[in-house]
>>> print(open('query-v1.cif').read())   # mmCIF, N, CA and C atoms
data_entry
loop_
_atom_site.group_PDB
_atom_site.id
_atom_site.type_symbol
_atom_site.label_atom_id
_atom_site.label_comp_id
_atom_site.auth_asym_id
_atom_site.auth_seq_id
_atom_site.Cartn_x
_atom_site.Cartn_y
_atom_site.Cartn_z
ATOM 1 N N MET A 1 9.681 32.161 7.270
ATOM 2 C CA MET A 1 9.393 30.742 7.309
ATOM 3 C C MET A 1 10.610 29.996 7.831
ATOM 4 N N LYS A 2 10.383 29.105 8.792
ATOM 5 C CA LYS A 2 11.473 28.325 9.361
ATOM 6 C C LYS A 2 11.821 27.143 8.470
ATOM 7 N N SER A 3 13.081 26.813 8.444
ATOM 8 C CA SER A 3 13.552 25.641 7.730
ATOM 9 C C SER A 3 13.345 24.415 8.617
ATOM 10 N N LEU A 4 13.169 23.257 8.003
ATOM 11 C CA LEU A 4 13.061 22.028 8.787
ATOM 12 C C LEU A 4 14.318 21.796 9.612
ATOM 13 N N ARG A 5 15.429 22.279 9.146
ATOM 14 C CA ARG A 5 16.687 22.085 9.860
ATOM 15 C C ARG A 5 16.715 22.842 11.181
ATOM 16 N N SER A 6 15.891 23.837 11.350
ATOM 17 C CA SER A 6 15.880 24.601 12.591
ATOM 18 C C SER A 6 14.829 24.091 13.571
ATOM 19 N N LEU A 7 14.097 23.044 13.200
ATOM 20 C CA LEU A 7 13.052 22.487 14.052
ATOM 21 C C LEU A 7 13.466 21.136 14.618
ATOM 22 N N ASN A 8 12.813 20.725 15.695
ATOM 23 C CA ASN A 8 13.002 19.391 16.241
ATOM 24 C C ASN A 8 12.047 18.464 15.494
ATOM 25 N N VAL A 9 12.578 17.638 14.602
ATOM 26 C CA VAL A 9 11.754 16.767 13.761
ATOM 27 C C VAL A 9 11.929 15.322 14.201
ATOM 28 N N ILE A 10 10.824 14.700 14.587
ATOM 29 C CA ILE A 10 10.824 13.294 14.971
ATOM 30 C C ILE A 10 10.215 12.515 13.813
ATOM 31 N N ALA A 11 10.973 11.551 13.283
ATOM 32 C CA ALA A 11 10.500 10.748 12.156
ATOM 33 C C ALA A 11 10.265 9.308 12.610
ATOM 34 N N VAL A 12 9.173 8.753 12.164
ATOM 35 C CA VAL A 12 8.868 7.338 12.393
ATOM 36 C C VAL A 12 8.813 6.705 11.004
ATOM 37 N N ALA A 13 9.824 5.907 10.697
ATOM 38 C CA ALA A 13 9.903 5.331 9.357
ATOM 39 C C ALA A 13 10.693 4.037 9.405
ATOM 40 N N GLY A 14 10.391 3.173 8.479
ATOM 41 C CA GLY A 14 11.113 1.915 8.402
ATOM 42 C C GLY A 14 10.760 1.186 7.124
ATOM 43 N N GLY A 15 11.478 0.147 6.880
ATOM 44 C CA GLY A 15 11.219 -0.674 5.710
ATOM 45 C C GLY A 15 12.308 -0.547 4.670
ATOM 46 N N GLU A 16 12.520 -1.640 3.984
ATOM 47 C CA GLU A 16 13.585 -1.719 2.988
ATOM 48 C C GLU A 16 13.449 -0.681 1.881
ATOM 49 N N LYS A 17 12.243 -0.375 1.474
ATOM 50 C CA LYS A 17 12.018 0.568 0.377
ATOM 51 C C LYS A 17 12.296 2.015 0.770
ATOM 52 N N LYS A 18 12.349 2.307 2.053
ATOM 53 C CA LYS A 18 12.520 3.687 2.520
ATOM 54 C C LYS A 18 13.929 4.007 3.003
ATOM 55 N N ILE A 19 14.819 3.039 2.972
ATOM 56 C CA ILE A 19 16.156 3.224 3.538
ATOM 57 C C ILE A 19 16.901 4.389 2.892
ATOM 58 N N ASP A 20 16.877 4.494 1.577
ATOM 59 C CA ASP A 20 17.587 5.592 0.899
ATOM 60 C C ASP A 20 17.019 6.950 1.289
ATOM 61 N N ALA A 21 15.703 7.050 1.385
ATOM 62 C CA ALA A 21 15.068 8.322 1.759
ATOM 63 C C ALA A 21 15.393 8.688 3.202
ATOM 64 N N ILE A 22 15.339 7.716 4.089
ATOM 65 C CA ILE A 22 15.669 7.973 5.494
ATOM 66 C C ILE A 22 17.125 8.409 5.611
ATOM 67 N N TYR A 23 17.996 7.707 4.923
ATOM 68 C CA TYR A 23 19.425 8.031 4.955
ATOM 69 C C TYR A 23 19.676 9.462 4.466
ATOM 70 N N GLY A 24 19.028 9.835 3.380
ATOM 71 C CA GLY A 24 19.182 11.189 2.845
ATOM 72 C C GLY A 24 18.689 12.244 3.821
ATOM 73 N N ALA A 25 17.567 11.980 4.476
ATOM 74 C CA ALA A 25 17.032 12.930 5.448
ATOM 75 C C ALA A 25 17.953 13.058 6.657
ATOM 76 N N LEU A 26 18.532 11.949 7.072
ATOM 77 C CA LEU A 26 19.478 11.999 8.193
ATOM 78 C C LEU A 26 20.744 12.762 7.810
ATOM 79 N N LYS A 27 21.301 12.455 6.651
ATOM 80 C CA LYS A 27 22.524 13.133 6.209
ATOM 81 C C LYS A 27 22.295 14.620 5.963
ATOM 82 N N GLY A 28 21.091 14.976 5.512
ATOM 83 C CA GLY A 28 20.744 16.375 5.292
ATOM 84 C C GLY A 28 20.360 17.107 6.558
ATOM 85 N N LYS A 29 20.370 16.394 7.672
ATOM 86 C CA LYS A 29 20.045 16.940 8.993
ATOM 87 C C LYS A 29 18.627 17.491 9.065
ATOM 88 N N TYR A 30 17.698 16.815 8.373
ATOM 89 C CA TYR A 30 16.287 17.181 8.443
ATOM 90 C C TYR A 30 15.588 16.468 9.587
ATOM 91 N N ILE A 31 16.199 15.399 10.106
ATOM 92 C CA ILE A 31 15.628 14.609 11.191
ATOM 93 C C ILE A 31 16.526 14.725 12.412
ATOM 94 N N THR A 32 15.923 15.033 13.567
ATOM 95 C CA THR A 32 16.705 15.061 14.805
ATOM 96 C C THR A 32 16.536 13.778 15.604
ATOM 97 N N THR A 33 15.394 13.108 15.467
ATOM 98 C CA THR A 33 15.124 11.856 16.168
ATOM 99 C C THR A 33 14.466 10.883 15.193
ATOM 100 N N LEU A 34 14.984 9.652 15.155
ATOM 101 C CA LEU A 34 14.426 8.633 14.268
ATOM 102 C C LEU A 34 13.948 7.447 15.093
ATOM 103 N N ILE A 35 12.712 7.044 14.855
ATOM 104 C CA ILE A 35 12.159 5.830 15.450
ATOM 105 C C ILE A 35 11.971 4.842 14.298
ATOM 106 N N THR A 36 12.649 3.685 14.398
ATOM 107 C CA THR A 36 12.616 2.720 13.307
ATOM 108 C C THR A 36 12.761 1.304 13.842
ATOM 109 N N ASP A 37 12.714 0.345 12.953
ATOM 110 C CA ASP A 37 12.892 -1.050 13.338
ATOM 111 C C ASP A 37 14.369 -1.435 13.262
ATOM 112 N N GLU A 38 14.696 -2.564 13.834
ATOM 113 C CA GLU A 38 16.088 -2.989 13.922
ATOM 114 C C GLU A 38 16.729 -3.218 12.549
ATOM 115 N N ALA A 39 16.014 -3.844 11.638
ATOM 116 C CA ALA A 39 16.576 -4.127 10.314
ATOM 117 C C ALA A 39 16.903 -2.836 9.560
ATOM 118 N N THR A 40 16.035 -1.849 9.650
ATOM 119 C CA THR A 40 16.286 -0.561 8.998
ATOM 120 C C THR A 40 17.480 0.134 9.638
ATOM 121 N N ALA A 41 17.553 0.104 10.969
ATOM 122 C CA ALA A 41 18.674 0.734 11.678
ATOM 123 C C ALA A 41 20.002 0.111 11.266
ATOM 124 N N ILE A 42 20.041 -1.200 11.170
ATOM 125 C CA ILE A 42 21.273 -1.882 10.764
ATOM 126 C C ILE A 42 21.644 -1.518 9.332
ATOM 127 N N SER A 43 20.664 -1.454 8.446
ATOM 128 C CA SER A 43 20.929 -1.067 7.051
ATOM 129 C C SER A 43 21.483 0.353 6.978
ATOM 130 N N LEU A 44 20.927 1.267 7.775
ATOM 131 C CA LEU A 44 21.407 2.652 7.788
ATOM 132 C C LEU A 44 22.833 2.735 8.315
ATOM 133 N N LEU A 45 23.130 1.979 9.352
ATOM 134 C CA LEU A 45 24.495 1.956 9.886
ATOM 135 C C LEU A 45 25.464 1.387 8.864
ATOM 136 N N ASN A 46 25.054 0.352 8.138
ATOM 137 C CA ASN A 46 25.921 -0.229 7.099
ATOM 138 C C ASN A 46 26.164 0.758 5.977
ATOM 139 N N MET A 47 25.176 1.589 5.637
ATOM 140 C CA MET A 47 25.363 2.596 4.591
ATOM 141 C C MET A 47 26.402 3.621 5.023
ATOM 142 N N GLU A 48 26.410 3.957 6.298
ATOM 143 C CA GLU A 48 27.344 4.958 6.814
ATOM 144 C C GLU A 48 28.772 4.435 6.804
ATOM 145 N N VAL A 49 28.947 3.153 7.001
ATOM 146 C CA VAL A 49 30.274 2.543 7.040
ATOM 147 C C VAL A 49 30.906 2.496 5.650
ATOM 148 N N LYS A 50 30.091 2.312 4.625
ATOM 149 C CA LYS A 50 30.597 2.169 3.258
ATOM 150 C C LYS A 50 31.149 3.432 2.718
#
>>> encode(input="query-v1.cif", output="structure tokens")
Amino acid sequence: MKSLRSLNVIAVAGGEKKIDAIYGALKGKYITTLITDEATAISLLNMEVK
């Protein structure tokens, strides 16, 4: 069985309630491509800076 980390995973997600989950998936390298809205992207970038 392949791990999600070995696959090309495209995620479409956004919204204030999902920011922590998206961030965790990105940091865990489960997502290779993220499609999201501007507000979510800015929140994720701010989390990385902190």
>>> atom_distance(input="query-v1.cif", atom1="CA of Val9 (chain A)", atom2="atom C of Thr32 (chain A)")
5.9 Å
>>> resolve_selection(input="query-v1.cif", expression="the PyMOL selection byres (((chain A and resi 10 and name CA) around 8) and name CA)", output="PyMOL selection string")
chain A and resi 8-9+11-12+31-35
>>> atom_distance(input="query-v1.cif", atom1="CA of Val49 (chain A)", atom2="CA of Ser3 (chain A)")
28.5 Å
>>> select_by_dssp(input="query-v1.cif", residues="chain A", states="strand (DSSP E)", output="MDAnalysis selection string")
chainID A and resid 10:12 33:35
>>> axis_aligned_box(input="query-v1.cif", around="region 7-19 of chain A", padding_each_side="6 Å", output="JSON")
{"center_x": 12.9, "center_y": 10.7, "center_z": 8.3, "size_x": 20.1, "size_y": 36.8, "size_z": 27.9}
>>> atom_distance(input="query-v1.cif", atom1="CA of Asp37 (chain A)", atom2="CA of Asp20 (chain A)")
14.9 Å
>>> select_by_dssp(input="query-v1.cif", residues="chain A", states="helix (DSSP H, G or I)", output="number ranges by chain")
A: 4-6, 16-27, 38-49
>>> residues_around(input="query-v1.cif", residues="Ile19 (chain A)", least_positions_apart="4", cutoff="7 Å", atoms="all atoms listed in the file", output="list in words")
Gly14, Gly15, Tyr23, Gly24, Thr40, Ser43 and Leu44 of chain A
